[in-house]
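See below for input.pdb, which holds PDB, N, CA and C atoms.
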ATOM      1  N   MET A   1     -13.835   1.069   3.977
ATOM      2  CA  MET A   1     -13.561   1.552   2.652
ATOM      3  C   MET A   1     -12.352   0.792   2.103
ATOM      4  N   ARG A   2     -12.441   0.366   0.857
ATOM      5  CA  ARG A   2     -11.362  -0.368   0.206
ATOM      6  C   ARG A   2     -10.609   0.529  -0.755
ATOM      7  N   LYS A   3      -9.318   0.316  -0.823
ATOM      8  CA  LYS A   3      -8.454   1.017  -1.771
ATOM      9  C   LYS A   3      -7.483   0.020  -2.371
ATOM     10  N   ILE A   4      -7.127   0.261  -3.610
ATOM     11  CA  ILE A   4      -6.086  -0.515  -4.270
ATOM     12  C   ILE A   4      -4.776   0.210  -4.025
ATOM     13  N   VAL A   5      -3.781  -0.534  -3.551
ATOM     14  CA  VAL A   5      -2.481   0.048  -3.236
ATOM     15  C   VAL A   5      -1.417  -0.701  -4.029
ATOM     16  N   ASP A   6      -0.689   0.035  -4.868
ATOM     17  CA  ASP A   6       0.370  -0.545  -5.691
ATOM     18  C   ASP A   6       1.725  -0.272  -5.066
ATOM     19  N   LEU A   7       2.607  -1.254  -5.138
ATOM     20  CA  LEU A   7       3.972  -1.113  -4.657
ATOM     21  C   LEU A   7       4.905  -1.171  -5.855
ATOM     22  N   TYR A   8       5.792  -0.194  -5.927
ATOM     23  CA  TYR A   8       6.777  -0.112  -6.999
ATOM     24  C   TYR A   8       8.163  -0.101  -6.389
ATOM     25  N   LYS A   9       9.141  -0.525  -7.187
ATOM     26  CA  LYS A   9      10.530  -0.375  -6.765
ATOM     27  C   LYS A   9      10.905   1.088  -6.888
ATOM     28  N   ARG A  10      11.520   1.627  -5.875
ATOM     29  CA  ARG A  10      11.923   3.035  -5.890
ATOM     30  C   ARG A  10      12.982   3.281  -6.967
ATOM     31  N   SER A  11      13.810   2.290  -7.236
ATOM     32  CA  SER A  11      14.871   2.433  -8.234
ATOM     33  C   SER A  11      14.342   2.393  -9.671
ATOM     34  N   ALA A  12      13.178   1.788  -9.869
ATOM     35  CA  ALA A  12      12.555   1.699 -11.199
ATOM     36  C   ALA A  12      11.065   1.950 -11.013
ATOM     37  N   LYS A  13      10.682   3.216 -11.008
ATOM     38  CA  LYS A  13       9.324   3.605 -10.628
ATOM     39  C   LYS A  13       8.225   3.040 -11.521
ATOM     40  N   ASP A  14       8.590   2.525 -12.691
ATOM     41  CA  ASP A  14       7.578   1.941 -13.571
ATOM     42  C   ASP A  14       7.477   0.428 -13.391
ATOM     43  N   GLN A  15       8.245  -0.146 -12.483
ATOM     44  CA  GLN A  15       8.236  -1.590 -12.253
ATOM     45  C   GLN A  15       7.348  -1.925 -11.063
ATOM     46  N   LEU A  16       6.169  -2.446 -11.362
ATOM     47  CA  LEU A  16       5.206  -2.835 -10.325
ATOM     48  C   LEU A  16       5.699  -4.093  -9.622
ATOM     49  N   VAL A  17       5.726  -4.052  -8.292
ATOM     50  CA  VAL A  17       6.164  -5.198  -7.498
ATOM     51  C   VAL A  17       4.959  -6.022  -7.053
ATOM     52  N   TRP A  18       3.933  -5.348  -6.519
ATOM     53  CA  TRP A  18       2.785  -6.060  -5.955
ATOM     54  C   TRP A  18       1.615  -5.093  -5.832
ATOM     55  N   THR A  19       0.408  -5.637  -5.774
ATOM     56  CA  THR A  19      -0.799  -4.843  -5.554
ATOM     57  C   THR A  19      -1.600  -5.475  -4.422
ATOM     58  N   TYR A  20      -2.020  -4.630  -3.496
ATOM     59  CA  TYR A  20      -2.890  -5.067  -2.401
ATOM     60  C   TYR A  20      -4.234  -4.364  -2.533
ATOM     61  N   ILE A  21      -5.285  -5.036  -2.117
ATOM     62  CA  ILE A  21      -6.576  -4.397  -1.903
ATOM     63  C   ILE A  21      -6.756  -4.369  -0.388
ATOM     64  N   ILE A  22      -6.757  -3.169   0.154
ATOM     65  CA  ILE A  22      -6.774  -2.993   1.607
ATOM     66  C   ILE A  22      -8.099  -2.379   2.026
ATOM     67  N   GLN A  23      -8.709  -2.973   3.024
ATOM     68  CA  GLN A  23      -9.967  -2.469   3.559
ATOM     69  C   GLN A  23      -9.741  -1.985   4.981
ATOM     70  N   LEU A  24     -10.003  -0.716   5.212
ATOM     71  CA  LEU A  24      -9.885  -0.102   6.535
ATOM     72  C   LEU A  24     -11.173   0.645   6.846
ATOM     73  N   GLY A  25     -11.373   0.952   8.089
ATOM     74  CA  GLY A  25     -12.518   1.767   8.483
ATOM     75  C   GLY A  25     -13.780   0.996   8.811
ATOM     76  N   GLN A  26     -13.675  -0.327   8.994
ATOM     77  CA  GLN A  26     -14.863  -1.110   9.335
ATOM     78  C   GLN A  26     -15.381  -0.752  10.716
ATOM     79  N   ASP A  27     -14.527  -0.143  11.536
ATOM     80  CA  ASP A  27     -14.919   0.207  12.898
ATOM     81  C   ASP A  27     -15.555   1.597  12.986
ATOM     82  N   GLY A  28     -15.859   2.194  11.840
ATOM     83  CA  GLY A  28     -16.477   3.513  11.828
ATOM     84  C   GLY A  28     -15.481   4.652  11.730
ATOM     85  N   SER A  29     -14.192   4.330  11.727
ATOM     86  CA  SER A  29     -13.174   5.373  11.603
ATOM     87  C   SER A  29     -13.102   5.853  10.148
ATOM     88  N   HIS A  30     -12.389   6.927   9.924
ATOM     89  CA  HIS A  30     -12.221   7.496   8.590
ATOM     90  C   HIS A  30     -10.734   7.507   8.264
ATOM     91  N   PRO A  31     -10.231   6.390   7.688
ATOM     92  CA  PRO A  31      -8.801   6.286   7.425
ATOM     93  C   PRO A  31      -8.349   7.269   6.345
ATOM     94  N   SER A  32      -7.124   7.754   6.505
ATOM     95  CA  SER A  32      -6.536   8.652   5.513
ATOM     96  C   SER A  32      -5.718   7.834   4.520
ATOM     97  N   LEU A  33      -5.233   8.485   3.478
ATOM     98  CA  LEU A  33      -4.386   7.796   2.510
ATOM     99  C   LEU A  33      -3.114   7.292   3.172
ATOM    100  N   LEU A  34      -2.619   8.029   4.140
ATOM    101  CA  LEU A  34      -1.426   7.607   4.868
ATOM    102  C   LEU A  34      -1.674   6.285   5.596
ATOM    103  N   ASP A  35      -2.874   6.088   6.123
ATOM    104  CA  ASP A  35      -3.206   4.825   6.793
ATOM    105  C   ASP A  35      -3.115   3.651   5.819
ATOM    106  N   TYR A  36      -3.579   3.848   4.592
ATOM    107  CA  TYR A  36      -3.501   2.793   3.573
ATOM    108  C   TYR A  36      -2.051   2.516   3.193
ATOM    109  N   LYS A  37      -1.250   3.565   3.062
ATOM    110  CA  LYS A  37       0.165   3.390   2.736
ATOM    111  C   LYS A  37       0.886   2.643   3.849
ATOM    112  N   GLU A  38       0.609   2.995   5.087
ATOM    113  CA  GLU A  38       1.248   2.327   6.224
ATOM    114  C   GLU A  38       0.869   0.852   6.292
ATOM    115  N   GLU A  39      -0.390   0.544   6.026
ATOM    116  CA  GLU A  39      -0.828  -0.853   6.041
ATOM    117  C   GLU A  39      -0.177  -1.632   4.904
ATOM    118  N   ALA A  40      -0.086  -1.029   3.734
ATOM    119  CA  ALA A  40       0.569  -1.693   2.601
ATOM    120  C   ALA A  40       2.041  -1.940   2.903
ATOM    121  N   LEU A  41       2.700  -0.978   3.511
ATOM    122  CA  LEU A  41       4.103  -1.158   3.873
ATOM    123  C   LEU A  41       4.253  -2.273   4.900
ATOM    124  N   ARG A  42       3.375  -2.306   5.870
ATOM    125  CA  ARG A  42       3.413  -3.369   6.880
ATOM    126  C   ARG A  42       3.273  -4.740   6.226
ATOM    127  N   LEU A  43       2.305  -4.864   5.320
ATOM    128  CA  LEU A  43       2.093  -6.141   4.624
ATOM    129  C   LEU A  43       3.289  -6.505   3.742
ATOM    130  N   ALA A  44       3.868  -5.508   3.071
ATOM    131  CA  ALA A  44       5.017  -5.763   2.207
ATOM    132  C   ALA A  44       6.215  -6.258   3.011
ATOM    133  N   LEU A  45       6.404  -5.703   4.199
ATOM    134  CA  LEU A  45       7.507  -6.153   5.044
ATOM    135  C   LEU A  45       7.262  -7.580   5.540
ATOM    136  N   VAL A  46       6.020  -7.890   5.887
ATOM    137  CA  VAL A  46       5.674  -9.252   6.317
ATOM    138  C   VAL A  46       5.889 -10.239   5.165
ATOM    139  N   ASP A  47       5.496  -9.826   3.954
ATOM    140  CA  ASP A  47       5.635 -10.683   2.771
ATOM    141  C   ASP A  47       7.039 -10.656   2.175
ATOM    142  N   LYS A  48       7.935  -9.855   2.761
ATOM    143  CA  LYS A  48       9.337  -9.741   2.328
ATOM    144  C   LYS A  48       9.451  -9.308   0.862
ATOM    145  N   LEU A  49       8.680  -8.281   0.497
ATOM    146  CA  LEU A  49       8.719  -7.755  -0.866
ATOM    147  C   LEU A  49       9.743  -6.643  -1.032
ATOM    148  N   GLY A  50      10.302  -6.173   0.052
ATOM    149  CA  GLY A  50      11.291  -5.106   0.005
ATOM    150  C   GLY A  50      11.382  -4.430   1.353
ATOM    151  N   THR A  51      12.116  -3.320   1.367
ATOM    152  CA  THR A  51      12.276  -2.543   2.589
ATOM    153  C   THR A  51      11.547  -1.215   2.448
ATOM    154  N   GLU A  52      11.438  -0.503   3.544
ATOM    155  CA  GLU A  52      10.781   0.803   3.519
ATOM    156  C   GLU A  52      11.483   1.750   2.549
ATOM    157  N   GLN A  53      12.805   1.651   2.475
ATOM    158  CA  GLN A  53      13.579   2.529   1.607
ATOM    159  C   GLN A  53      13.526   2.113   0.139
ATOM    160  N   SER A  54      13.219   0.853  -0.147
ATOM    161  CA  SER A  54      13.260   0.375  -1.535
ATOM    162  C   SER A  54      11.904   0.405  -2.232
ATOM    163  N   LEU A  55      10.826   0.698  -1.500
ATOM    164  CA  LEU A  55       9.485   0.644  -2.083
ATOM    165  C   LEU A  55       8.849   2.017  -2.192
ATOM    166  N   LEU A  56       8.114   2.205  -3.259
ATOM    167  CA  LEU A  56       7.302   3.394  -3.470
ATOM    168  C   LEU A  56       5.852   2.925  -3.476
ATOM    169  N   ILE A  57       5.001   3.573  -2.683
ATOM    170  CA  ILE A  57       3.627   3.109  -2.505
ATOM    171  C   ILE A  57       2.659   4.151  -3.057
ATOM    172  N   LYS A  58       1.750   3.689  -3.921
ATOM    173  CA  LYS A  58       0.752   4.575  -4.510
ATOM    174  C   LYS A  58      -0.639   4.001  -4.258
ATOM    175  N   VAL A  59      -1.527   4.862  -3.771
ATOM    176  CA  VAL A  59      -2.898   4.457  -3.466
ATOM    177  C   VAL A  59      -3.812   4.866  -4.600
ATOM    178  N   ARG A  60      -4.643   3.927  -5.043
ATOM    179  CA  ARG A  60      -5.662   4.210  -6.058
ATOM    180  C   ARG A  60      -7.034   4.083  -5.406
ATOM    181  N   GLY A  61      -8.005   4.766  -5.937
ATOM    182  CA  GLY A  61      -9.358   4.649  -5.418
ATOM    183  C   GLY A  61     -10.004   3.354  -5.845
ATOM    184  N   TYR A  62     -10.889   2.857  -5.034
ATOM    185  CA  TYR A  62     -11.626   1.643  -5.371
ATOM    186  C   TYR A  62     -13.078   1.783  -4.999
ATOM    187  N   GLU A  63     -13.331   2.244  -3.797
ATOM    188  CA  GLU A  63     -14.716   2.313  -3.330
ATOM    189  C   GLU A  63     -14.959   3.638  -2.659
TER     190      GLU A  63
END

Whole structure, structure tokens version:
Amino acid sequence: MRKIVDLYKRSAKDQLVWTYIIQLGQDGSHPSLLDYKEEALRLALVDKLGTEQSLLIKVRGYE
């Protein structure tokens, strides 16, 4: 299942930093919204878009 996940700066909640399209559950599992948020945070840290404390993550539906 794919979801669109938006990352915002926590200090300016209307300022979009980045958007990911994340696909989880190909192995038959049923990922929760928290799983999508955790994956987006992991990717954001790898991409050096901010820290856990500086980012606000919102999941949107896609599929």

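Taking atom N of A:Arg42 and atom N of A:Ser54 as the two end points, the separation is 12.0 Å.
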
Q) the PyMOL selection byres (((chain A and resi 21 and name CA) around 9) and name CA) on the file shown: which residues, as number ranges by chain? A) A: 2-6, 19-20, 22-23, 40, 62

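We find atom CA of A:Ala12 and atom CA of A:Leu33 to be spaced 22.6 Å apart.
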
Q: Grab the atom N of A:Leu45 to atom C of A:Ile57 distance for me, in Å with one decimal place.
A: 12.8 Å

Check the DSSP output for the backbone and give back, as an mmCIF file with N, CA and C atoms, in the coordinates of the input, the residues of chain A in strand (DSSP E).
data_model
loop_
_atom_site.group_PDB
_atom_site.id
_atom_site.type_symbol
_atom_site.label_atom_id
_atom_site.label_comp_id
_atom_site.auth_asym_id
_atom_site.auth_seq_id
_atom_site.Cartn_x
_atom_site.Cartn_y
_atom_site.Cartn_z
ATOM 1 N N ARG A 2 -12.441 0.366 0.857
ATOM 2 C CA ARG A 2 -11.362 -0.368 0.206
ATOM 3 C C ARG A 2 -10.609 0.529 -0.755
ATOM 4 N N LYS A 3 -9.318 0.316 -0.823
ATOM 5 C CA LYS A 3 -8.454 1.017 -1.771
ATOM 6 C C LYS A 3 -7.483 0.020 -2.371
ATOM 7 N N ILE A 4 -7.127 0.261 -3.610
ATOM 8 C CA ILE A 4 -6.086 -0.515 -4.270
ATOM 9 C C ILE A 4 -4.776 0.210 -4.025
ATOM 10 N N VAL A 5 -3.781 -0.534 -3.551
ATOM 11 C CA VAL A 5 -2.481 0.048 -3.236
ATOM 12 C C VAL A 5 -1.417 -0.701 -4.029
ATOM 13 N N ASP A 6 -0.689 0.035 -4.868
ATOM 14 C CA ASP A 6 0.370 -0.545 -5.691
ATOM 15 C C ASP A 6 1.725 -0.272 -5.066
ATOM 16 N N LEU A 7 2.607 -1.254 -5.138
ATOM 17 C CA LEU A 7 3.972 -1.113 -4.657
ATOM 18 C C LEU A 7 4.905 -1.171 -5.855
ATOM 19 N N TYR A 8 5.792 -0.194 -5.927
ATOM 20 C CA TYR A 8 6.777 -0.112 -6.999
ATOM 21 C C TYR A 8 8.163 -0.101 -6.389
ATOM 22 N N LYS A 9 9.141 -0.525 -7.187
ATOM 23 C CA LYS A 9 10.530 -0.375 -6.765
ATOM 24 C C LYS A 9 10.905 1.088 -6.888
ATOM 25 N N ALA A 12 13.178 1.788 -9.869
ATOM 26 C CA ALA A 12 12.555 1.699 -11.199
ATOM 27 C C ALA A 12 11.065 1.950 -11.013
ATOM 28 N N LYS A 13 10.682 3.216 -11.008
ATOM 29 C CA LYS A 13 9.324 3.605 -10.628
ATOM 30 C C LYS A 13 8.225 3.040 -11.521
ATOM 31 N N ASP A 14 8.590 2.525 -12.691
ATOM 32 C CA ASP A 14 7.578 1.941 -13.571
ATOM 33 C C ASP A 14 7.477 0.428 -13.391
ATOM 34 N N GLN A 15 8.245 -0.146 -12.483
ATOM 35 C CA GLN A 15 8.236 -1.590 -12.253
ATOM 36 C C GLN A 15 7.348 -1.925 -11.063
ATOM 37 N N LEU A 16 6.169 -2.446 -11.362
ATOM 38 C CA LEU A 16 5.206 -2.835 -10.325
ATOM 39 C C LEU A 16 5.699 -4.093 -9.622
ATOM 40 N N VAL A 17 5.726 -4.052 -8.292
ATOM 41 C CA VAL A 17 6.164 -5.198 -7.498
ATOM 42 C C VAL A 17 4.959 -6.022 -7.053
ATOM 43 N N TRP A 18 3.933 -5.348 -6.519
ATOM 44 C CA TRP A 18 2.785 -6.060 -5.955
ATOM 45 C C TRP A 18 1.615 -5.093 -5.832
ATOM 46 N N THR A 19 0.408 -5.637 -5.774
ATOM 47 C CA THR A 19 -0.799 -4.843 -5.554
ATOM 48 C C THR A 19 -1.600 -5.475 -4.422
ATOM 49 N N TYR A 20 -2.020 -4.630 -3.496
ATOM 50 C CA TYR A 20 -2.890 -5.067 -2.401
ATOM 51 C C TYR A 20 -4.234 -4.364 -2.533
ATOM 52 N N ILE A 21 -5.285 -5.036 -2.117
ATOM 53 C CA ILE A 21 -6.576 -4.397 -1.903
ATOM 54 C C ILE A 21 -6.756 -4.369 -0.388
ATOM 55 N N ILE A 22 -6.757 -3.169 0.154
ATOM 56 C CA ILE A 22 -6.774 -2.993 1.607
ATOM 57 C C ILE A 22 -8.099 -2.379 2.026
ATOM 58 N N GLN A 23 -8.709 -2.973 3.024
ATOM 59 C CA GLN A 23 -9.967 -2.469 3.559
ATOM 60 C C GLN A 23 -9.741 -1.985 4.981
ATOM 61 N N LEU A 55 10.826 0.698 -1.500
ATOM 62 C CA LEU A 55 9.485 0.644 -2.083
ATOM 63 C C LEU A 55 8.849 2.017 -2.192
ATOM 64 N N LEU A 56 8.114 2.205 -3.259
ATOM 65 C CA LEU A 56 7.302 3.394 -3.470
ATOM 66 C C LEU A 56 5.852 2.925 -3.476
ATOM 67 N N ILE A 57 5.001 3.573 -2.683
ATOM 68 C CA ILE A 57 3.627 3.109 -2.505
ATOM 69 C C ILE A 57 2.659 4.151 -3.057
ATOM 70 N N LYS A 58 1.750 3.689 -3.921
ATOM 71 C CA LYS A 58 0.752 4.575 -4.510
ATOM 72 C C LYS A 58 -0.639 4.001 -4.258
ATOM 73 N N VAL A 59 -1.527 4.862 -3.771
ATOM 74 C CA VAL A 59 -2.898 4.457 -3.466
ATOM 75 C C VAL A 59 -3.812 4.866 -4.600
ATOM 76 N N ARG A 60 -4.643 3.927 -5.043
ATOM 77 C CA ARG A 60 -5.662 4.210 -6.058
ATOM 78 C C ARG A 60 -7.034 4.083 -5.406
ATOM 79 N N GLY A 61 -8.005 4.766 -5.937
ATOM 80 C CA GLY A 61 -9.358 4.649 -5.418
ATOM 81 C C GLY A 61 -10.004 3.354 -5.845
#

Tell me which residues the PyMOL selection byres ((chain A and resi 53) around 8) grabs here, as an mmCIF file with N, CA and C atoms, in the frame of the given file.
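Wrote it out as result.cif, contents follow:
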data_model
loop_
_atom_site.group_PDB
_atom_site.id
_atom_site.type_symbol
_atom_site.label_atom_id
_atom_site.label_comp_id
_atom_site.auth_asym_id
_atom_site.auth_seq_id
_atom_site.Cartn_x
_atom_site.Cartn_y
_atom_site.Cartn_z
ATOM 1 N N LYS A 9 9.141 -0.525 -7.187
ATOM 2 C CA LYS A 9 10.530 -0.375 -6.765
ATOM 3 C C LYS A 9 10.905 1.088 -6.888
ATOM 4 N N ARG A 10 11.520 1.627 -5.875
ATOM 5 C CA ARG A 10 11.923 3.035 -5.890
ATOM 6 C C ARG A 10 12.982 3.281 -6.967
ATOM 7 N N SER A 11 13.810 2.290 -7.236
ATOM 8 C CA SER A 11 14.871 2.433 -8.234
ATOM 9 C C SER A 11 14.342 2.393 -9.671
ATOM 10 N N GLY A 50 10.302 -6.173 0.052
ATOM 11 C CA GLY A 50 11.291 -5.106 0.005
ATOM 12 C C GLY A 50 11.382 -4.430 1.353
ATOM 13 N N THR A 51 12.116 -3.320 1.367
ATOM 14 C CA THR A 51 12.276 -2.543 2.589
ATOM 15 C C THR A 51 11.547 -1.215 2.448
ATOM 16 N N GLU A 52 11.438 -0.503 3.544
ATOM 17 C CA GLU A 52 10.781 0.803 3.519
ATOM 18 C C GLU A 52 11.483 1.750 2.549
ATOM 19 N N SER A 54 13.219 0.853 -0.147
ATOM 20 C CA SER A 54 13.260 0.375 -1.535
ATOM 21 C C SER A 54 11.904 0.405 -2.232
ATOM 22 N N LEU A 55 10.826 0.698 -1.500
ATOM 23 C CA LEU A 55 9.485 0.644 -2.083
ATOM 24 C C LEU A 55 8.849 2.017 -2.192
ATOM 25 N N LEU A 56 8.114 2.205 -3.259
ATOM 26 C CA LEU A 56 7.302 3.394 -3.470
ATOM 27 C C LEU A 56 5.852 2.925 -3.476
#

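With only C-alpha atoms as the atoms that count, the minimum distance from A:Gln26 to the choices A:Glu38, A:Met1, A:Leu43, A:Gly61 is reached by A:Met1.
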
Using all atoms of stretch 41-50 of chain A listed in the file and a margin of 3 Å per side, can you give the axis-aligned box centre and edge lengths in Å to one decimal, as lines of an AutoDock Vina configuration file?
center_x = 6.7
center_y = -5.8
center_z = 2.9
size_x = 15.3
size_y = 15.7
size_z = 13.9
